[in-house]
Protein chains: 2
Amino acid sequence: MLEFAILGLLQESPMHGYELRKELTAKLGAIRAAISYGSLYPTLRRLQAAGWITEAAETPATAEEVPALTSRRGRVVYKITADGKERFAQLIAQAGPETYDDTGFGVHFAFFARTDQATRLRILEGRRRKIEERREGLRDVLGRAAERLDAYTLELQRHGLDACEREVRWLEELIANERSGRAPTVPQTGTAGGRREDNSPPPPGETRNERP
Amino acid sequence: MLEFAILGLLQESPMHGYELRKELTAKLGAIRAAISYGSLYPTLRRLQAAGWITEAAETPATAEEVPALTSRRGRVVYKITADGKERFAQLIAQAGPETYDDTGFGVHFAFFARTDQATRLRILEGRRRKIEERREGLRDVLGRAAERLDAYTLELQRHGLDACEREVRWLEELIANERSGRAPTVPQTGTAGGRREDNSPPPPGETRNERP
DNA sequence: GTGCGATGTATCGGTCCGATACATCGCGGC
DNA sequence: GCCGCGATGTATCGGACCGATACATCGCAC
């Protein structure tokens, strides 16, 4: 998952670790807490060993300048390679079971702008199916095993069930929208609180796979 | 987290691994997928090494009966010890930062029936605070960094923001209810789909810490 | 000039997951 | 009679990711 996200971000521009973490947090903030350096740095090393990213030199201009001032340990800027782009394209197309769990789906969704429509549809439907299954499981527990569970546990299940139903409806809208051919477009979903006066119809945001 | 949940379940009755997993899935189904044996068995071993659980003999009645029929590898039934109960009481009372993340909160909440009211209130408020912070983060991104992000990523953030607002409201209700002195009681929350005609005011479900 | 928060790289131990392996039990179909 | 098959049941291994921790630099306010 982290591999996927890193490759996706570096596709937009080279970055160093700290920056990568911030961007990751901004992009995935809705689905997971800030990602840990204890995952980030080892993963970067793994990607580098696989040849999917490389270290790019900092301060490219005017070499010889300030060569050994306090032996500055410069920031390490990472850059995606051609192999890396290929790898990302492969990861984006293939959808395993982990594509539909909470984190996996979120990460894939966050890169939908780089995903072709057929794949988007496939992922959205797979996710819907998975949530529907979870929903059925919760309904079963609530219906059949209700007397075995205490009031708090039941309340937790109800809240979970509510969230499932809500997500299914959200996915339905996205799927319908996708089939009708256009980007999210944000239907009247309410959102109930964010400032939202201007950016009504966002630019199509099409796949836009820039080819160098 | 798993340690906590296992100790909590074994408090109700002794169980073997498979059963434990099923109960865990039923109780925590709203917040996480089925727990893996790759976590369960090592954790059981760890708890046993710490002296918080013990293996109890299967088939307690009429020994000598069927002693070596095909050398049956019987089910291993686990049972909580006095030290284990003490450990659970300690875990339930102390609330670290991990108590407020999605999984941690869910597990604690699932055992609220065994938690005293002051602790319940503390946990609910801590969780609310944490979700409010996440909500503010999402609002910031949606407000300030909106033009840097594509339409899909923005839609993801909006959905996340909506979920945060919803959860805060849910927590507010629970907190109010808690302060007014009673168990969940399920206010008019809607729930929008579950069958819910009968179990209106569930039995108080008080702390009920059976002392042996 | 000095402390302090943001920036920045890095490691270590530990928790948990997914895949895999293997054995038994009960039941329905042939 | 027996055969497969799904549920029951225990167990390990490699890998992903996290939280704590350590350490160094930079710019700015006091």
# chains A, B, ... in the order shown; residues from 1 in each chain; ligands from 1
>>> interface_residues(of="chain A", to="chain B", cutoff="6 Å", atoms="only C-alpha atoms", output="ChimeraX atom specification")
/A:30,110,153,157,160,162,191
>>> write_last_selection(atoms="C-alpha atoms", output="PDB file, in the first residue's frame")
ATOM      1  CA  ALA A  30      -9.391  10.979   5.288  1.00  0.00           C
ATOM      2  CA  ALA A 110      -6.905   8.778  -3.996  1.00  0.00           C
ATOM      3  CA  THR A 153     -21.783  -3.602  21.986  1.00  0.00           C
ATOM      4  CA  GLN A 157     -22.868  -2.469  15.833  1.00  0.00           C
ATOM      5  CA  GLY A 160     -21.170   0.469  12.221  1.00  0.00           C
ATOM      6  CA  ASP A 162     -25.211   3.001   9.779  1.00  0.00           C
ATOM      7  CA  THR A 191     -21.342  17.588   3.467  1.00  0.00           C
TER       8      THR A 191
END
>>> interface_residues(of="chain C", to="chain A", cutoff="10 Å", atoms="only C-alpha atoms (C1' of nucleotides)", output="PyMOL selection string")
chain C and resi 7-12+18
>>> write_last_selection(atoms="N, CA and C atoms (P, O5', C5', C4', C3', O3' and C1' of nucleotides)", output="compact mmCIF listing (two decimals), in the first residue's frame")
# COMPACT_ATOMS: atom_id res chain seq x y z
P DT C 7 7.64 22.50 8.96
O5' DT C 7 9.11 21.92 8.72
C5' DT C 7 10.12 22.81 8.27
C4' DT C 7 11.45 22.11 8.20
C3' DT C 7 11.47 20.85 7.31
O3' DT C 7 12.51 21.01 6.37
C1' DT C 7 12.56 20.46 9.36
P DG C 8 12.47 20.20 5.00
O5' DG C 8 13.04 18.77 5.44
C5' DG C 8 14.44 18.64 5.57
C4' DG C 8 14.87 17.45 6.38
C3' DG C 8 14.30 16.08 6.05
O3' DG C 8 15.04 15.52 4.95
C1' DG C 8 15.01 16.37 8.34
P DT C 9 14.80 14.03 4.47
O5' DT C 9 15.68 13.15 5.47
C5' DT C 9 17.09 13.37 5.51
C4' DT C 9 17.76 12.37 6.41
C3' DT C 9 17.46 10.90 6.07
O3' DT C 9 18.67 10.16 6.02
C1' DT C 9 17.02 11.31 8.37
P DA C 10 18.63 8.67 5.45
O5' DA C 10 18.37 7.83 6.78
C5' DA C 10 19.40 7.76 7.75
C4' DA C 10 18.90 7.09 8.99
C3' DA C 10 18.25 5.72 8.78
O3' DA C 10 19.25 4.70 8.94
C1' DA C 10 17.24 7.00 10.53
P DT C 11 18.80 3.16 8.83
O5' DT C 11 18.49 2.77 10.35
C5' DT C 11 19.38 3.20 11.36
C4' DT C 11 18.93 2.65 12.70
C3' DT C 11 18.52 1.18 12.70
O3' DT C 11 19.05 0.58 13.88
C1' DT C 11 16.73 2.48 13.51
P DC C 12 19.08 -1.02 14.02
O5' DC C 12 18.07 -1.29 15.23
C5' DC C 12 17.96 -0.34 16.31
C4' DC C 12 16.85 -0.80 17.24
C3' DC C 12 16.51 -2.29 17.10
O3' DC C 12 16.25 -2.84 18.39
C1' DC C 12 14.59 -0.98 16.63
P DG C 18 -5.35 -9.34 6.26
O5' DG C 18 -4.54 -10.36 5.33
C5' DG C 18 -3.41 -9.89 4.61
C4' DG C 18 -2.75 -11.05 3.90
C3' DG C 18 -3.71 -12.10 3.34
O3' DG C 18 -3.26 -12.47 2.05
C1' DG C 18 -2.17 -13.12 4.86
>>> interface_residues(of="chain D", to="chain B", cutoff="10 Å", atoms="only C-alpha atoms (C1' of nucleotides)", output="PyMOL selection string")
chain D and resi 8-13+19
>>> write_last_selection(atoms="C-alpha atoms (C1' of nucleotides)", output="CSV table (one decimal), in the first residue's frame")
chain,number,residue,atom,x,y,z
D,8,DT,C1',-14.0,-27.0,13.0
D,9,DG,C1',-9.6,-26.8,14.9
D,10,DT,C1',-4.3,-25.7,15.8
D,11,DA,C1',-0.2,-23.8,14.2
D,12,DT,C1',4.0,-21.2,11.7
D,13,DC,C1',6.4,-17.9,8.7
D,19,DG,C1',5.4,4.0,18.1
>>> select_by_dssp(residues="segment 67-121 of chain B", states="strand (DSSP E)", output="MDAnalysis selection string")
chainID B and resid 77:80
>>> select_by_dssp(residues="segment 74-121 of chain A", states="helix (DSSP H, G or I)", output="PyMOL selection string")
chain A and resi 82-93+97-100+102-110+112-114+117-121
>>> write_last_selection(atoms="N, CA and C atoms", output="CSV table (one decimal), in the first residue's frame")
chain,number,residue,atom,x,y,z
A,82,ALA,N,11.8,5.1,-14.9
A,82,ALA,CA,10.9,4.6,-15.9
A,82,ALA,C,10.3,3.2,-15.4
A,83,ASP,N,11.1,2.4,-14.8
A,83,ASP,CA,10.7,1.1,-14.3
A,83,ASP,C,9.6,1.4,-13.2
A,84,GLY,N,9.8,2.4,-12.4
A,84,GLY,CA,8.9,2.8,-11.4
A,84,GLY,C,7.5,3.1,-11.9
A,85,LYS,N,7.5,3.9,-13.0
A,85,LYS,CA,6.3,4.3,-13.6
A,85,LYS,C,5.5,3.0,-14.2
A,86,GLU,N,6.3,2.1,-14.7
A,86,GLU,CA,5.7,0.9,-15.2
A,86,GLU,C,5.1,0.1,-14.0
A,87,ARG,N,5.9,0.0,-13.0
A,87,ARG,CA,5.4,-0.7,-11.8
A,87,ARG,C,4.1,-0.1,-11.3
A,88,PHE,N,4.0,1.3,-11.2
A,88,PHE,CA,2.8,1.9,-10.7
A,88,PHE,C,1.6,1.6,-11.6
A,89,ALA,N,1.9,1.7,-13.0
A,89,ALA,CA,0.8,1.4,-13.9
A,89,ALA,C,0.3,-0.1,-13.7
A,90,GLN,N,1.2,-1.0,-13.4
A,90,GLN,CA,0.8,-2.4,-13.1
A,90,GLN,C,0.0,-2.5,-11.8
A,91,LEU,N,0.5,-1.8,-10.8
A,91,LEU,CA,-0.2,-1.8,-9.5
A,91,LEU,C,-1.6,-1.2,-9.6
A,92,ILE,N,-1.7,-0.2,-10.4
A,92,ILE,CA,-3.0,0.5,-10.5
A,92,ILE,C,-4.1,-0.3,-11.3
A,93,ALA,N,-3.6,-1.1,-12.2
A,93,ALA,CA,-4.5,-1.9,-13.0
A,93,ALA,C,-5.0,-3.2,-12.3
A,97,PRO,N,-7.6,-8.7,-3.5
A,97,PRO,CA,-8.6,-8.6,-2.4
A,97,PRO,C,-8.3,-7.4,-1.5
A,98,GLU,N,-7.0,-7.1,-1.3
A,98,GLU,CA,-6.6,-6.0,-0.4
A,98,GLU,C,-7.0,-4.6,-1.0
A,99,THR,N,-7.4,-4.7,-2.3
A,99,THR,CA,-7.8,-3.4,-2.9
A,99,THR,C,-9.1,-2.9,-2.3
A,100,TYR,N,-9.9,-3.8,-1.7
A,100,TYR,CA,-11.2,-3.4,-1.2
A,100,TYR,C,-11.3,-3.2,0.3
A,102,ASP,N,-10.5,-1.2,3.8
A,102,ASP,CA,-10.6,0.3,4.1
A,102,ASP,C,-9.3,1.0,3.5
A,103,THR,N,-8.2,0.6,3.9
A,103,THR,CA,-7.0,1.4,3.5
A,103,THR,C,-6.7,1.2,2.0
A,104,GLY,N,-6.7,0.0,1.6
A,104,GLY,CA,-6.4,-0.3,0.2
A,104,GLY,C,-7.4,0.5,-0.7
A,105,PHE,N,-8.6,0.4,-0.5
A,105,PHE,CA,-9.6,1.2,-1.3
A,105,PHE,C,-9.3,2.7,-1.3
A,106,GLY,N,-9.1,3.2,-0.1
A,106,GLY,CA,-8.8,4.6,0.1
A,106,GLY,C,-7.6,5.1,-0.8
A,107,VAL,N,-6.5,4.3,-0.7
A,107,VAL,CA,-5.3,4.6,-1.5
A,107,VAL,C,-5.6,4.6,-3.0
A,108,HIS,N,-6.3,3.5,-3.4
A,108,HIS,CA,-6.6,3.4,-4.8
A,108,HIS,C,-7.5,4.6,-5.3
A,109,PHE,N,-8.4,4.9,-4.4
A,109,PHE,CA,-9.4,6.0,-4.8
A,109,PHE,C,-8.6,7.3,-4.9
A,110,ALA,N,-7.7,7.5,-4.0
A,110,ALA,CA,-6.9,8.8,-4.0
A,110,ALA,C,-6.1,9.0,-5.3
A,112,PHE,N,-7.4,7.9,-8.3
A,112,PHE,CA,-8.3,7.6,-9.4
A,112,PHE,C,-8.1,8.6,-10.6
A,113,ALA,N,-7.5,9.7,-10.3
A,113,ALA,CA,-7.3,10.7,-11.4
A,113,ALA,C,-6.3,10.1,-12.4
A,114,ARG,N,-5.5,9.1,-12.0
A,114,ARG,CA,-4.6,8.5,-12.8
A,114,ARG,C,-5.0,7.1,-13.3
A,117,GLN,N,-11.1,4.6,-16.6
A,117,GLN,CA,-12.5,4.5,-16.1
A,117,GLN,C,-13.0,3.1,-15.8
A,118,ALA,N,-12.6,2.1,-16.7
A,118,ALA,CA,-13.0,0.7,-16.5
A,118,ALA,C,-12.5,0.2,-15.1
A,119,THR,N,-11.3,0.5,-14.8
A,119,THR,CA,-10.7,0.1,-13.5
A,119,THR,C,-11.4,0.8,-12.4
A,120,ARG,N,-11.6,2.1,-12.5
A,120,ARG,CA,-12.4,2.8,-11.5
A,120,ARG,C,-13.7,2.1,-11.1
A,121,LEU,N,-14.4,1.8,-12.2
A,121,LEU,CA,-15.7,1.2,-12.0
A,121,LEU,C,-15.6,-0.2,-11.3
>>> residues_around(residues="DC17 of chain D", least_positions_apart="4", cutoff="9 Å", atoms="only C-alpha atoms (C1' of nucleotides)", output="VMD selection string")
(chain A and resid 35 to 36 38 to 39) or (chain C and resid 16)
>>> atom_distance(atom1="atom CA of Thr43 of chain B", atom2="atom C1' of DC22 of chain C")
21.2 Å
>>> closest_residue(among="B:Leu2, B:Ala95, B:Ile175, B:Leu124", to="Leu47 of chain B", atoms="only C-alpha atoms")
B:Leu2
